[in-house]
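Q: Contents of input_20.pdb (PDB, C-alpha atoms (C1' of nucleotides)) are below:
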```pdb
ATOM      1  CA  MET A   1      -2.188 -15.313 -18.778
ATOM      2  CA  ASP A   2      -3.419 -15.737 -15.227
ATOM      3  CA  ASN A   3      -2.002 -12.664 -13.543
ATOM      4  CA  LYS A   4      -2.991 -13.816 -10.080
ATOM      5  CA  LYS A   5      -0.906 -16.980 -10.336
ATOM      6  CA  THR A   6       1.895 -15.136 -12.074
ATOM      7  CA  ALA A   7       2.087 -12.616  -9.246
ATOM      8  CA  VAL A   8       2.395 -15.488  -6.742
ATOM      9  CA  MET A   9       5.279 -16.964  -8.735
ATOM     10  CA  PHE A  10       7.201 -13.714  -8.812
ATOM     11  CA  LYS A  11       6.602 -13.049  -5.128
ATOM     12  CA  ALA A  12       9.111 -15.822  -4.462
ATOM     13  CA  PHE A  13      11.858 -13.411  -5.519
ATOM     14  CA  CYS A  14      10.591 -10.321  -3.714
ATOM     15  CA  ASP A  15      12.164 -10.826  -0.330
ATOM     16  CA  GLU A  16      15.818 -10.526   0.616
ATOM     17  CA  ASN A  17      15.743 -13.610   2.797
ATOM     18  CA  ARG A  18      14.166 -15.725   0.087
ATOM     19  CA  LEU A  19      16.790 -14.570  -2.397
ATOM     20  CA  HIS A  20      19.446 -15.565   0.122
ATOM     21  CA  ILE A  21      17.853 -18.998   0.420
ATOM     22  CA  LEU A  22      17.873 -19.379  -3.361
ATOM     23  CA  GLU A  23      21.554 -18.436  -3.394
ATOM     24  CA  LEU A  24      22.277 -21.155  -0.842
ATOM     25  CA  LEU A  25      20.403 -23.670  -2.985
ATOM     26  CA  ARG A  26      22.688 -22.919  -5.949
ATOM     27  CA  ASP A  27      25.113 -25.381  -4.357
ATOM     28  CA  GLY A  28      22.498 -28.101  -4.637
ATOM     29  CA  GLU A  29      20.002 -29.637  -2.278
ATOM     30  CA  ARG A  30      20.112 -28.451   1.327
ATOM     31  CA  CYS A  31      18.113 -29.404   4.364
ATOM     32  CA  ALA A  32      16.138 -26.837   6.309
ATOM     33  CA  CYS A  33      18.369 -26.962   9.375
ATOM     34  CA  GLU A  34      21.439 -26.173   7.265
ATOM     35  CA  ILE A  35      19.739 -23.220   5.619
ATOM     36  CA  LEU A  36      18.586 -21.990   9.000
ATOM     37  CA  GLU A  37      22.155 -21.959  10.328
ATOM     38  CA  GLU A  38      23.252 -19.556   7.626
ATOM     39  CA  MET A  39      20.451 -17.087   8.195
ATOM     40  CA  LYS A  40      19.460 -14.596  10.834
ATOM     41  CA  ILE A  41      15.833 -15.643  11.142
ATOM     42  CA  THR A  42      13.947 -17.992  13.416
ATOM     43  CA  GLN A  43      12.870 -21.478  12.411
ATOM     44  CA  PRO A  44       9.173 -20.585  11.970
ATOM     45  CA  THR A  45      10.147 -17.693   9.705
ATOM     46  CA  LEU A  46      12.283 -19.987   7.586
ATOM     47  CA  SER A  47       9.418 -22.453   7.367
ATOM     48  CA  HIS A  48       7.179 -19.620   6.206
ATOM     49  CA  HIS A  49       9.586 -18.619   3.459
ATOM     50  CA  MET A  50      10.116 -22.201   2.308
ATOM     51  CA  LYS A  51       6.364 -22.551   1.926
ATOM     52  CA  ILE A  52       6.200 -19.449  -0.249
ATOM     53  CA  LEU A  53       9.089 -20.680  -2.393
ATOM     54  CA  CYS A  54       7.494 -24.107  -2.793
ATOM     55  CA  ASP A  55       4.009 -22.759  -3.496
ATOM     56  CA  ALA A  56       5.546 -20.560  -6.175
ATOM     57  CA  GLY A  57       7.017 -23.696  -7.756
ATOM     58  CA  VAL A  58      10.522 -22.282  -7.611
ATOM     59  CA  VAL A  59      11.742 -24.724  -4.989
ATOM     60  CA  SER A  60      10.776 -28.318  -4.386
ATOM     61  CA  GLY A  61      10.934 -30.187  -1.102
ATOM     62  CA  ARG A  62      11.715 -33.800  -0.335
ATOM     63  CA  LYS A  63      11.039 -35.325   3.039
ATOM     64  CA  GLU A  64      13.510 -37.844   4.432
ATOM     65  CA  GLY A  65      12.846 -38.909   7.968
ATOM     66  CA  LYS A  66      12.533 -35.804  10.039
ATOM     67  CA  TRP A  67      14.474 -33.742   7.572
ATOM     68  CA  MET A  68      13.184 -31.637   4.723
ATOM     69  CA  HIS A  69      15.503 -31.296   1.774
ATOM     70  CA  TYR A  70      14.990 -28.380  -0.529
ATOM     71  CA  SER A  71      16.307 -27.735  -4.000
ATOM     72  CA  ILE A  72      15.731 -25.324  -6.851
ATOM     73  CA  SER A  73      13.108 -26.451  -9.342
ATOM     74  CA  GLU A  74      14.336 -26.023 -12.887
ATOM     75  CA  GLU A  75      10.764 -26.350 -14.173
ATOM     76  CA  GLY A  76       9.700 -23.511 -11.899
ATOM     77  CA  LEU A  77      12.426 -21.217 -13.169
ATOM     78  CA  GLU A  78      11.564 -22.201 -16.722
ATOM     79  CA  LYS A  79       7.963 -21.090 -16.180
ATOM     80  CA  ILE A  80       9.175 -17.730 -14.977
ATOM     81  CA  ARG A  81      11.475 -17.381 -17.974
ATOM     82  CA  ASN A  82       8.560 -18.102 -20.283
ATOM     83  CA  CYS A  83       6.616 -15.445 -18.489
ATOM     84  CA  LEU A  84       9.335 -12.863 -19.061
ATOM     85  CA  ASP A  85       9.535 -13.843 -22.723
ATOM     86  CA  TYR A  86       5.804 -13.278 -23.010
ATOM     87  CA  PHE A  87       6.318  -9.584 -22.293
ATOM     88  CA  THR A  88       8.864  -9.192 -25.061
ATOM     89  CA  LYS A  89       6.969 -11.055 -27.775
ATOM     90  CA  HIS A  90       4.582  -8.622 -29.351
ATOM     91  CA  SER A  91       0.910  -9.510 -29.583
ATOM     92  CA  ASP A  92      -1.020  -9.540 -32.919
ATOM     93  CA  ARG A  93      -2.277  -6.033 -32.382
ATOM     94  CA  ALA A  94       1.212  -4.577 -32.128
ATOM     95  CA  SER A  95       1.745  -1.183 -33.740
ATOM     96  CA  GLU A  96      -1.866  -0.885 -34.890
ATOM     97  CA  LYS A  97      -2.425   1.510 -32.033
ATOM     98  CA  SER A  98      -2.178   5.237 -32.470
ATOM     99  CA  CYS A  99      -1.456   7.279 -29.439
ATOM    100  CA  CYS A 100      -3.159  10.184 -27.743
ATOM    101  CA  LYS A 101      -0.731  12.832 -28.914
ATOM    102  CA  LYS A 102      -2.146  15.188 -31.488
TER     103      LYS A 102
ATOM    104  CA  MET B   1      24.368 -10.177  -5.845
ATOM    105  CA  ASP B   2      22.620  -7.262  -4.179
ATOM    106  CA  ASN B   3      19.476  -8.900  -2.878
ATOM    107  CA  LYS B   4      17.866  -5.634  -1.890
ATOM    108  CA  LYS B   5      17.992  -4.292  -5.437
ATOM    109  CA  THR B   6      17.020  -7.637  -6.875
ATOM    110  CA  ALA B   7      13.923  -7.772  -4.696
ATOM    111  CA  VAL B   8      12.896  -4.328  -5.965
ATOM    112  CA  MET B   9      13.244  -5.508  -9.557
ATOM    113  CA  PHE B  10      11.058  -8.539  -9.022
ATOM    114  CA  LYS B  11       8.428  -6.547  -7.141
ATOM    115  CA  ALA B  12       7.492  -5.058 -10.486
ATOM    116  CA  PHE B  13       5.873  -8.395 -11.361
ATOM    117  CA  CYS B  14       4.161  -9.037  -8.026
ATOM    118  CA  ASP B  15       0.937  -7.167  -8.564
ATOM    119  CA  GLU B  16      -1.955  -8.096 -10.829
ATOM    120  CA  ASN B  17      -2.431  -4.548 -12.050
ATOM    121  CA  ARG B  18       1.221  -4.144 -12.927
ATOM    122  CA  LEU B  19       1.165  -7.414 -14.849
ATOM    123  CA  HIS B  20      -1.864  -6.113 -16.723
ATOM    124  CA  ILE B  21       0.032  -2.924 -17.565
ATOM    125  CA  LEU B  22       2.962  -4.975 -18.865
ATOM    126  CA  GLU B  23       0.557  -6.961 -21.029
ATOM    127  CA  LEU B  24      -0.767  -3.728 -22.510
ATOM    128  CA  LEU B  25       2.769  -2.587 -23.245
ATOM    129  CA  ARG B  26       3.401  -5.719 -25.312
ATOM    130  CA  ASP B  27       1.719  -3.886 -28.160
ATOM    131  CA  GLY B  28       4.371  -1.197 -27.944
ATOM    132  CA  GLU B  29       4.585   2.217 -26.395
ATOM    133  CA  ARG B  30       1.410   3.546 -24.762
ATOM    134  CA  CYS B  31       0.642   6.766 -23.001
ATOM    135  CA  ALA B  32      -0.596   6.825 -19.432
ATOM    136  CA  CYS B  33      -4.095   7.992 -20.318
ATOM    137  CA  GLU B  34      -4.544   5.058 -22.692
ATOM    138  CA  ILE B  35      -3.397   2.569 -20.094
ATOM    139  CA  LEU B  36      -5.696   4.157 -17.550
ATOM    140  CA  GLU B  37      -8.724   3.680 -19.822
ATOM    141  CA  GLU B  38      -8.191  -0.061 -19.906
ATOM    142  CA  MET B  39      -7.901  -0.471 -16.160
ATOM    143  CA  LYS B  40     -10.179  -0.260 -13.182
ATOM    144  CA  ILE B  41      -7.975   1.933 -11.035
ATOM    145  CA  THR B  42      -7.756   5.669 -10.434
ATOM    146  CA  GLN B  43      -5.182   7.907 -12.067
ATOM    147  CA  PRO B  44      -3.039   8.330  -8.909
ATOM    148  CA  THR B  45      -2.964   4.559  -8.471
ATOM    149  CA  LEU B  46      -1.770   4.128 -12.040
ATOM    150  CA  SER B  47       0.887   6.761 -11.478
ATOM    151  CA  HIS B  48       2.015   4.836  -8.394
ATOM    152  CA  HIS B  49       2.347   1.582 -10.346
ATOM    153  CA  MET B  50       4.169   3.242 -13.245
ATOM    154  CA  LYS B  51       6.706   4.604 -10.787
ATOM    155  CA  ILE B  52       7.314   1.143  -9.373
ATOM    156  CA  LEU B  53       7.696  -0.338 -12.859
ATOM    157  CA  CYS B  54      10.115   2.417 -13.892
ATOM    158  CA  ASP B  55      12.145   2.272 -10.676
ATOM    159  CA  ALA B  56      12.482  -1.461 -11.213
ATOM    160  CA  GLY B  57      13.924  -0.734 -14.649
ATOM    161  CA  VAL B  58      11.323  -2.886 -16.352
ATOM    162  CA  VAL B  59       9.528   0.007 -18.029
ATOM    163  CA  SER B  60      10.914   3.256 -19.333
ATOM    164  CA  GLY B  61       9.048   6.535 -19.693
ATOM    165  CA  ARG B  62       9.323   9.292 -22.233
ATOM    166  CA  LYS B  63       7.738  12.688 -21.717
ATOM    167  CA  GLU B  64       6.198  14.436 -24.704
ATOM    168  CA  GLY B  65       4.340  17.622 -23.880
ATOM    169  CA  LYS B  66       1.855  16.781 -21.192
ATOM    170  CA  TRP B  67       1.861  13.106 -22.059
ATOM    171  CA  MET B  68       3.956  10.328 -20.598
ATOM    172  CA  HIS B  69       4.705   7.460 -22.941
ATOM    173  CA  TYR B  70       5.684   4.160 -21.428
ATOM    174  CA  SER B  71       7.282   1.131 -22.972
ATOM    175  CA  ILE B  72       8.870  -2.107 -21.867
ATOM    176  CA  SER B  73      12.621  -1.910 -21.307
ATOM    177  CA  GLU B  74      14.396  -4.807 -22.947
ATOM    178  CA  GLU B  75      17.482  -4.105 -20.855
ATOM    179  CA  GLY B  76      15.384  -4.367 -17.692
ATOM    180  CA  LEU B  77      13.978  -7.747 -18.687
ATOM    181  CA  GLU B  78      17.468  -8.888 -19.625
ATOM    182  CA  LYS B  79      18.700  -8.077 -16.123
ATOM    183  CA  ILE B  80      15.935 -10.173 -14.648
ATOM    184  CA  ARG B  81      16.734 -13.041 -16.989
ATOM    185  CA  ASN B  82      20.360 -12.911 -15.897
ATOM    186  CA  CYS B  83      19.195 -13.024 -12.329
ATOM    187  CA  LEU B  84      17.156 -16.168 -12.958
ATOM    188  CA  ASP B  85      20.093 -17.753 -14.719
ATOM    189  CA  TYR B  86      22.236 -17.015 -11.691
ATOM    190  CA  PHE B  87      20.116 -19.378  -9.617
ATOM    191  CA  THR B  88      20.602 -22.228 -12.033
ATOM    192  CA  LYS B  89      24.341 -21.890 -12.498
ATOM    193  CA  HIS B  90      26.005 -23.752  -9.671
ATOM    194  CA  SER B  91      28.586 -21.951  -7.590
ATOM    195  CA  ASP B  92      32.156 -23.247  -7.111
ATOM    196  CA  ARG B  93      31.245 -24.930  -3.882
ATOM    197  CA  ALA B  94      28.568 -27.041  -5.514
ATOM    198  CA  SER B  95      28.278 -30.605  -4.269
ATOM    199  CA  GLU B  96      31.080 -30.229  -1.738
ATOM    200  CA  LYS B  97      28.469 -30.040   0.953
ATOM    201  CA  SER B  98      27.310 -33.024   2.871
ATOM    202  CA  CYS B  99      23.904 -32.911   4.425
ATOM    203  CA  CYS B 100      22.599 -33.371   7.928
ATOM    204  CA  LYS B 101      21.186 -36.831   7.392
ATOM    205  CA  LYS B 102      23.132 -39.544   9.105
TER     206      LYS B 102
ATOM    207  C1'  DT C   1       6.396 -45.519  25.789
ATOM    208  C1'  DT C   2       8.914 -41.702  26.906
ATOM    209  C1'  DT C   3      12.358 -38.329  25.134
ATOM    210  C1'  DA C   4      14.634 -35.685  21.809
ATOM    211  C1'  DT C   5      14.872 -33.478  17.398
ATOM    212  C1'  DA C   6      13.229 -31.296  12.873
ATOM    213  C1'  DT C   7       9.745 -28.931  10.895
ATOM    214  C1'  DA C   8       5.010 -26.852  10.585
ATOM    215  C1'  DT C   9       1.178 -24.143  12.385
ATOM    216  C1'  DT C  10      -1.062 -20.508  15.157
ATOM    217  C1'  DG C  11      -1.739 -16.035  16.773
ATOM    218  C1'  DA C  12      -0.043 -11.412  17.617
ATOM    219  C1'  DC C  13       2.175  -7.434  15.982
ATOM    220  C1'  DA C  14       4.899  -4.154  13.132
ATOM    221  C1'  DA C  15       6.180  -2.727   8.607
ATOM    222  C1'  DA C  16       5.236  -2.420   3.805
ATOM    223  C1'  DT C  17       1.931  -1.969   0.103
ATOM    224  C1'  DA C  18      -2.240  -0.731  -2.684
ATOM    225  C1'  DT C  19      -5.818   2.148  -2.898
ATOM    226  C1'  DC C  20      -8.522   6.242  -2.613
ATOM    227  C1'  DT C  21      -9.599  11.558  -2.320
ATOM    228  C1'  DA C  22      -7.752  15.962  -2.531
ATOM    229  C1'  DT C  23      -4.337  18.837  -4.231
ATOM    230  C1'  DA C  24      -0.123  20.280  -6.729
ATOM    231  C1'  DT C  25       2.681  20.660 -10.876
ATOM    232  C1'  DG C  26       3.455  21.438 -15.550
ATOM    233  C1'  DA C  27       2.241  21.998 -20.311
ATOM    234  C1'  DT C  28      -1.091  23.812 -23.936
ATOM    235  C1'  DG C  29      -4.462  26.668 -25.830
ATOM    236  C1'  DT C  30      -7.541  30.939 -25.589
TER     237       DT C  30
ATOM    238  C1'  DA D   1      -3.112  35.782 -17.509
ATOM    239  C1'  DC D   2      -6.368  32.293 -17.188
ATOM    240  C1'  DA D   3      -8.590  27.848 -18.009
ATOM    241  C1'  DT D   4      -7.915  23.160 -19.217
ATOM    242  C1'  DC D   5      -5.912  18.794 -19.428
ATOM    243  C1'  DA D   6      -2.320  14.997 -18.170
ATOM    244  C1'  DT D   7       0.272  13.434 -14.667
ATOM    245  C1'  DA D   8       2.442  13.492  -9.983
ATOM    246  C1'  DT D   9       2.413  13.985  -4.983
ATOM    247  C1'  DA D  10       0.486  13.997  -0.229
ATOM    248  C1'  DG D  11      -2.061  12.081   3.260
ATOM    249  C1'  DA D  12      -5.362   8.678   5.062
ATOM    250  C1'  DT D  13      -6.774   3.969   5.401
ATOM    251  C1'  DA D  14      -7.344  -1.041   4.605
ATOM    252  C1'  DT D  15      -4.873  -5.101   3.290
ATOM    253  C1'  DT D  16      -0.882  -7.878   2.876
ATOM    254  C1'  DT D  17       3.479  -9.397   4.410
ATOM    255  C1'  DG D  18       7.417 -10.615   7.455
ATOM    256  C1'  DT D  19       8.568 -11.618  11.934
ATOM    257  C1'  DC D  20       8.546 -13.744  16.443
ATOM    258  C1'  DA D  21       7.117 -16.664  20.657
ATOM    259  C1'  DA D  22       4.445 -20.441  21.728
ATOM    260  C1'  DT D  23       2.677 -24.719  20.466
ATOM    261  C1'  DA D  24       1.626 -28.769  17.557
ATOM    262  C1'  DT D  25       3.042 -32.621  14.631
ATOM    263  C1'  DA D  26       5.957 -36.162  13.102
ATOM    264  C1'  DT D  27       9.925 -39.048  13.134
ATOM    265  C1'  DA D  28      13.656 -41.376  15.377
ATOM    266  C1'  DA D  29      16.183 -43.024  19.430
ATOM    267  C1'  DA D  30      16.432 -44.812  24.135
TER     268       DA D  30
END
```
Using structure tokens, write down the structure that the file contains.

A:
Amino acid sequence: MDNKKTAVMFKAFCDENRLHILELLRDGERCACEILEEMKITQPTLSHHMKILCDAGVVSGRKEGKWMHYSISEEGLEKIRNCLDYFTKHSDRASEKSCCKK
Amino acid sequence: MDNKKTAVMFKAFCDENRLHILELLRDGERCACEILEEMKITQPTLSHHMKILCDAGVVSGRKEGKWMHYSISEEGLEKIRNCLDYFTKHSDRASEKSCCKK
DNA sequence: TTTATATATTGACAAATATCTATATGATGT
DNA sequence: ACATCATATAGATATTTGTCAATATATAAA
């Protein structure tokens, strides 16, 4: 597993504003100006967060004229789910280890 | 959804070292000194990361004499999975919205 | 071609985070 | 009681992150 890339993916969910954006996108595709209206941040800050969400693969953007339409990427969420599953599936070496206690 | 708490949960996965720790814990419970041996960080730094992982609910600790034993918390991962699912389930208002395009 | 509108980029700054060294706490063994 | 070992905490510092104002880019409308 590439921990550097994985960390970037999870960073999408590490900010209150980004989580709010994801909640708004539950209703389906929304354009940036709509999202902006429902948040207490400036337009450049929103743009910054949308970039992080897109780079993480969690959101995808679609340009239509001057508008940017954003929506949740199911594939992105699926990747993250796989990642979580990875931590619950034991590796080959499981339970071979002894511990430091006497 | 309490976005503040959710952000804290996800922060557990936002650091390369913490992801490495989680990988080590796939094999089952490990004590802090063992984890430390396999990483290139100092003991206080490890302690710092273990606190973040535990506070996030992703890892649980068990004290035995002077040793701390850490293991992955299935319940913690389950909470995160539920959170991801939340973003894919549409809310009631889904598709009522029209968008800003003319 | 000028004007207006939506979004992105830049640069500055404050807050949060990761890391270290030094030290404290707490448990075990002599 | 003292020394030793495992872990935690405190304090300092460098890096990263979130935010804004100002500006640039791109598209559409007049």

Q: List every residue of segment 3-95 of chain A that has an atom at most 8 Å from any atom of segment 2-19 of chain C, and for each one report the closest atom pair and its distance in Å to one decimal, counting all atoms listed in the file, with rows sorted by chain and then by increasing residue number, as JSON lines.

A:
```
{"residue": "A:Cys33", "atom": "CA", "partner": "C:DA6", "partner_atom": "C1'", "distance": 7.6}
{"residue": "A:Pro44", "atom": "CA", "partner": "C:DA8", "partner_atom": "C1'", "distance": 7.7}
{"residue": "A:Ser47", "atom": "CA", "partner": "C:DA8", "partner_atom": "C1'", "distance": 7.0}
{"residue": "A:Lys66", "atom": "CA", "partner": "C:DA6", "partner_atom": "C1'", "distance": 5.4}
{"residue": "A:Trp67", "atom": "CA", "partner": "C:DA6", "partner_atom": "C1'", "distance": 6.0}
{"residue": "A:Met68", "atom": "CA", "partner": "C:DT7", "partner_atom": "C1'", "distance": 7.6}
```

Q: Fit chain B to chain A, all Cα atoms paired in order, least squares. Then write it as a PDB file with C-alpha atoms, in the coordinates of the input.

A:
```pdb
ATOM      1  CA  MET B   1      -2.136 -15.300 -18.794  1.00  0.00           C
ATOM      2  CA  ASP B   2      -3.408 -15.737 -15.256  1.00  0.00           C
ATOM      3  CA  ASN B   3      -2.004 -12.671 -13.556  1.00  0.00           C
ATOM      4  CA  LYS B   4      -2.976 -13.819 -10.096  1.00  0.00           C
ATOM      5  CA  LYS B   5      -0.891 -16.978 -10.362  1.00  0.00           C
ATOM      6  CA  THR B   6       1.913 -15.137 -12.079  1.00  0.00           C
ATOM      7  CA  ALA B   7       2.107 -12.619  -9.254  1.00  0.00           C
ATOM      8  CA  VAL B   8       2.415 -15.475  -6.748  1.00  0.00           C
ATOM      9  CA  MET B   9       5.299 -16.949  -8.728  1.00  0.00           C
ATOM     10  CA  PHE B  10       7.220 -13.700  -8.801  1.00  0.00           C
ATOM     11  CA  LYS B  11       6.616 -13.039  -5.111  1.00  0.00           C
ATOM     12  CA  ALA B  12       9.104 -15.804  -4.443  1.00  0.00           C
ATOM     13  CA  PHE B  13      11.856 -13.397  -5.517  1.00  0.00           C
ATOM     14  CA  CYS B  14      10.584 -10.304  -3.706  1.00  0.00           C
ATOM     15  CA  ASP B  15      12.157 -10.821  -0.324  1.00  0.00           C
ATOM     16  CA  GLU B  16      15.813 -10.521   0.625  1.00  0.00           C
ATOM     17  CA  ASN B  17      15.734 -13.615   2.798  1.00  0.00           C
ATOM     18  CA  ARG B  18      14.162 -15.726   0.088  1.00  0.00           C
ATOM     19  CA  LEU B  19      16.778 -14.557  -2.398  1.00  0.00           C
ATOM     20  CA  HIS B  20      19.432 -15.553   0.120  1.00  0.00           C
ATOM     21  CA  ILE B  21      17.849 -18.999   0.419  1.00  0.00           C
ATOM     22  CA  LEU B  22      17.871 -19.370  -3.368  1.00  0.00           C
ATOM     23  CA  GLU B  23      21.549 -18.430  -3.396  1.00  0.00           C
ATOM     24  CA  LEU B  24      22.258 -21.160  -0.858  1.00  0.00           C
ATOM     25  CA  LEU B  25      20.386 -23.667  -2.993  1.00  0.00           C
ATOM     26  CA  ARG B  26      22.668 -22.927  -5.947  1.00  0.00           C
ATOM     27  CA  ASP B  27      25.091 -25.370  -4.377  1.00  0.00           C
ATOM     28  CA  GLY B  28      22.469 -28.083  -4.648  1.00  0.00           C
ATOM     29  CA  GLU B  29      19.989 -29.638  -2.295  1.00  0.00           C
ATOM     30  CA  ARG B  30      20.115 -28.465   1.327  1.00  0.00           C
ATOM     31  CA  CYS B  31      18.106 -29.406   4.350  1.00  0.00           C
ATOM     32  CA  ALA B  32      16.141 -26.835   6.302  1.00  0.00           C
ATOM     33  CA  CYS B  33      18.378 -26.968   9.363  1.00  0.00           C
ATOM     34  CA  GLU B  34      21.433 -26.174   7.246  1.00  0.00           C
ATOM     35  CA  ILE B  35      19.734 -23.229   5.604  1.00  0.00           C
ATOM     36  CA  LEU B  36      18.593 -21.994   8.988  1.00  0.00           C
ATOM     37  CA  GLU B  37      22.171 -21.971  10.312  1.00  0.00           C
ATOM     38  CA  GLU B  38      23.254 -19.555   7.614  1.00  0.00           C
ATOM     39  CA  MET B  39      20.455 -17.083   8.195  1.00  0.00           C
ATOM     40  CA  LYS B  40      19.467 -14.613  10.846  1.00  0.00           C
ATOM     41  CA  ILE B  41      15.843 -15.639  11.145  1.00  0.00           C
ATOM     42  CA  THR B  42      13.950 -18.002  13.425  1.00  0.00           C
ATOM     43  CA  GLN B  43      12.904 -21.495  12.421  1.00  0.00           C
ATOM     44  CA  PRO B  44       9.191 -20.627  11.969  1.00  0.00           C
ATOM     45  CA  THR B  45      10.158 -17.710   9.739  1.00  0.00           C
ATOM     46  CA  LEU B  46      12.279 -20.001   7.594  1.00  0.00           C
ATOM     47  CA  SER B  47       9.418 -22.466   7.382  1.00  0.00           C
ATOM     48  CA  HIS B  48       7.168 -19.618   6.233  1.00  0.00           C
ATOM     49  CA  HIS B  49       9.580 -18.615   3.460  1.00  0.00           C
ATOM     50  CA  MET B  50      10.106 -22.204   2.309  1.00  0.00           C
ATOM     51  CA  LYS B  51       6.355 -22.568   1.941  1.00  0.00           C
ATOM     52  CA  ILE B  52       6.185 -19.464  -0.223  1.00  0.00           C
ATOM     53  CA  LEU B  53       9.078 -20.673  -2.382  1.00  0.00           C
ATOM     54  CA  CYS B  54       7.492 -24.112  -2.788  1.00  0.00           C
ATOM     55  CA  ASP B  55       4.002 -22.765  -3.486  1.00  0.00           C
ATOM     56  CA  ALA B  56       5.530 -20.562  -6.160  1.00  0.00           C
ATOM     57  CA  GLY B  57       7.001 -23.682  -7.747  1.00  0.00           C
ATOM     58  CA  VAL B  58      10.507 -22.274  -7.602  1.00  0.00           C
ATOM     59  CA  VAL B  59      11.749 -24.715  -4.975  1.00  0.00           C
ATOM     60  CA  SER B  60      10.778 -28.306  -4.389  1.00  0.00           C
ATOM     61  CA  GLY B  61      10.947 -30.194  -1.108  1.00  0.00           C
ATOM     62  CA  ARG B  62      11.699 -33.796  -0.342  1.00  0.00           C
ATOM     63  CA  LYS B  63      11.017 -35.332   3.047  1.00  0.00           C
ATOM     64  CA  GLU B  64      13.491 -37.850   4.421  1.00  0.00           C
ATOM     65  CA  GLY B  65      12.810 -38.953   7.971  1.00  0.00           C
ATOM     66  CA  LYS B  66      12.528 -35.840  10.054  1.00  0.00           C
ATOM     67  CA  TRP B  67      14.469 -33.762   7.569  1.00  0.00           C
ATOM     68  CA  MET B  68      13.175 -31.640   4.730  1.00  0.00           C
ATOM     69  CA  HIS B  69      15.502 -31.297   1.773  1.00  0.00           C
ATOM     70  CA  TYR B  70      14.990 -28.378  -0.541  1.00  0.00           C
ATOM     71  CA  SER B  71      16.298 -27.733  -4.003  1.00  0.00           C
ATOM     72  CA  ILE B  72      15.720 -25.322  -6.846  1.00  0.00           C
ATOM     73  CA  SER B  73      13.099 -26.445  -9.354  1.00  0.00           C
ATOM     74  CA  GLU B  74      14.331 -26.015 -12.894  1.00  0.00           C
ATOM     75  CA  GLU B  75      10.773 -26.328 -14.173  1.00  0.00           C
ATOM     76  CA  GLY B  76       9.713 -23.473 -11.893  1.00  0.00           C
ATOM     77  CA  LEU B  77      12.448 -21.184 -13.185  1.00  0.00           C
ATOM     78  CA  GLU B  78      11.561 -22.178 -16.733  1.00  0.00           C
ATOM     79  CA  LYS B  79       7.974 -21.054 -16.176  1.00  0.00           C
ATOM     80  CA  ILE B  80       9.196 -17.691 -14.988  1.00  0.00           C
ATOM     81  CA  ARG B  81      11.493 -17.364 -17.981  1.00  0.00           C
ATOM     82  CA  ASN B  82       8.572 -18.071 -20.289  1.00  0.00           C
ATOM     83  CA  CYS B  83       6.628 -15.405 -18.497  1.00  0.00           C
ATOM     84  CA  LEU B  84       9.369 -12.837 -19.074  1.00  0.00           C
ATOM     85  CA  ASP B  85       9.564 -13.822 -22.711  1.00  0.00           C
ATOM     86  CA  TYR B  86       5.836 -13.257 -23.007  1.00  0.00           C
ATOM     87  CA  PHE B  87       6.341  -9.567 -22.293  1.00  0.00           C
ATOM     88  CA  THR B  88       8.865  -9.188 -25.064  1.00  0.00           C
ATOM     89  CA  LYS B  89       6.962 -11.032 -27.764  1.00  0.00           C
ATOM     90  CA  HIS B  90       4.576  -8.575 -29.344  1.00  0.00           C
ATOM     91  CA  SER B  91       0.925  -9.496 -29.583  1.00  0.00           C
ATOM     92  CA  ASP B  92      -1.004  -9.545 -32.889  1.00  0.00           C
ATOM     93  CA  ARG B  93      -2.286  -6.060 -32.336  1.00  0.00           C
ATOM     94  CA  ALA B  94       1.196  -4.612 -32.090  1.00  0.00           C
ATOM     95  CA  SER B  95       1.699  -1.221 -33.698  1.00  0.00           C
ATOM     96  CA  GLU B  96      -1.907  -0.934 -34.842  1.00  0.00           C
ATOM     97  CA  LYS B  97      -2.484   1.494 -32.038  1.00  0.00           C
ATOM     98  CA  SER B  98      -2.192   5.190 -32.459  1.00  0.00           C
ATOM     99  CA  CYS B  99      -1.446   7.260 -29.428  1.00  0.00           C
ATOM    100  CA  CYS B 100      -3.139  10.182 -27.761  1.00  0.00           C
ATOM    101  CA  LYS B 101      -0.712  12.810 -28.969  1.00  0.00           C
ATOM    102  CA  LYS B 102      -2.131  15.093 -31.588  1.00  0.00           C
TER     103      LYS B 102
END
```

Q: How many Å separate atom CA of Thr88 of chain B from atom CA of Asn3 of chain B?

A: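 About the pair atom CA of Thr88 of chain B and atom CA of Asn3 of chain B: they are 16.2 Å apart.
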
Q: How many Å lie between atom C1' of DT7 of chain D and atom CA of Leu77 of chain B, rounded to one decimal?

A: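 Straight-line distance from atom C1' of DT7 of chain D to atom CA of Leu77 of chain B works out to 25.5 Å.
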
Q: Could you tell me which residues the PyMOL selection byres ((chain D) within 8 of (chain A)) grabs in this file, written as a ChimeraX atom specification?

A: /D:18-20,26-28

Q: Quick check, in Å to one decimal: how far apart do atom CA of Val58 of chain B and atom CA of Gly76 of chain B lie?

A: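 Separation of atom CA of Val58 of chain B and atom CA of Gly76 of chain B: 4.5 Å.
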
Q: Calculated over all atoms listed in the file, which of the candidates B:Met39, B:Leu46, B:Met1, B:His69 has the smallest distance to chain C?

A: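 For chain C, the nearest of the given residues is B:Leu46.
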
Q: Identify which of the residues D:DA21, D:DA30, D:DA8, D:DA14 lies closest to DT25 of chain C, counting all atoms listed in the file when measuring atom-to-atom distances.

A: D:DA8

Q: Run the PyMOL selection byres ((chain B and resi 23) around 10) against the file shown and list the residues it catches, as an MDAnalysis selection string.

A: (chainID A and resid 1 3 86:88 90:91) or (chainID B and resid 17:22 24:28 72)

Q: List every residue of chain C that has an atom at most 10 Å from any atom of chain B, giving for each one its closest atom pair and the distance in Å to one decimal, counting only C-alpha atoms (C1' of nucleotides), sorted by chain and then by ascending residue number, as CSV.

A:
```
residue,atom,partner,partner_atom,distance
C:DA18,C1',B:Thr45,CA,7.9
C:DT19,C1',B:Thr45,CA,6.7
C:DC20,C1',B:Thr42,CA,7.9
C:DT21,C1',B:Pro44,CA,9.8
C:DG26,C1',B:Lys66,CA,7.5
C:DA27,C1',B:Lys66,CA,5.3
C:DT28,C1',B:Lys66,CA,8.1
```
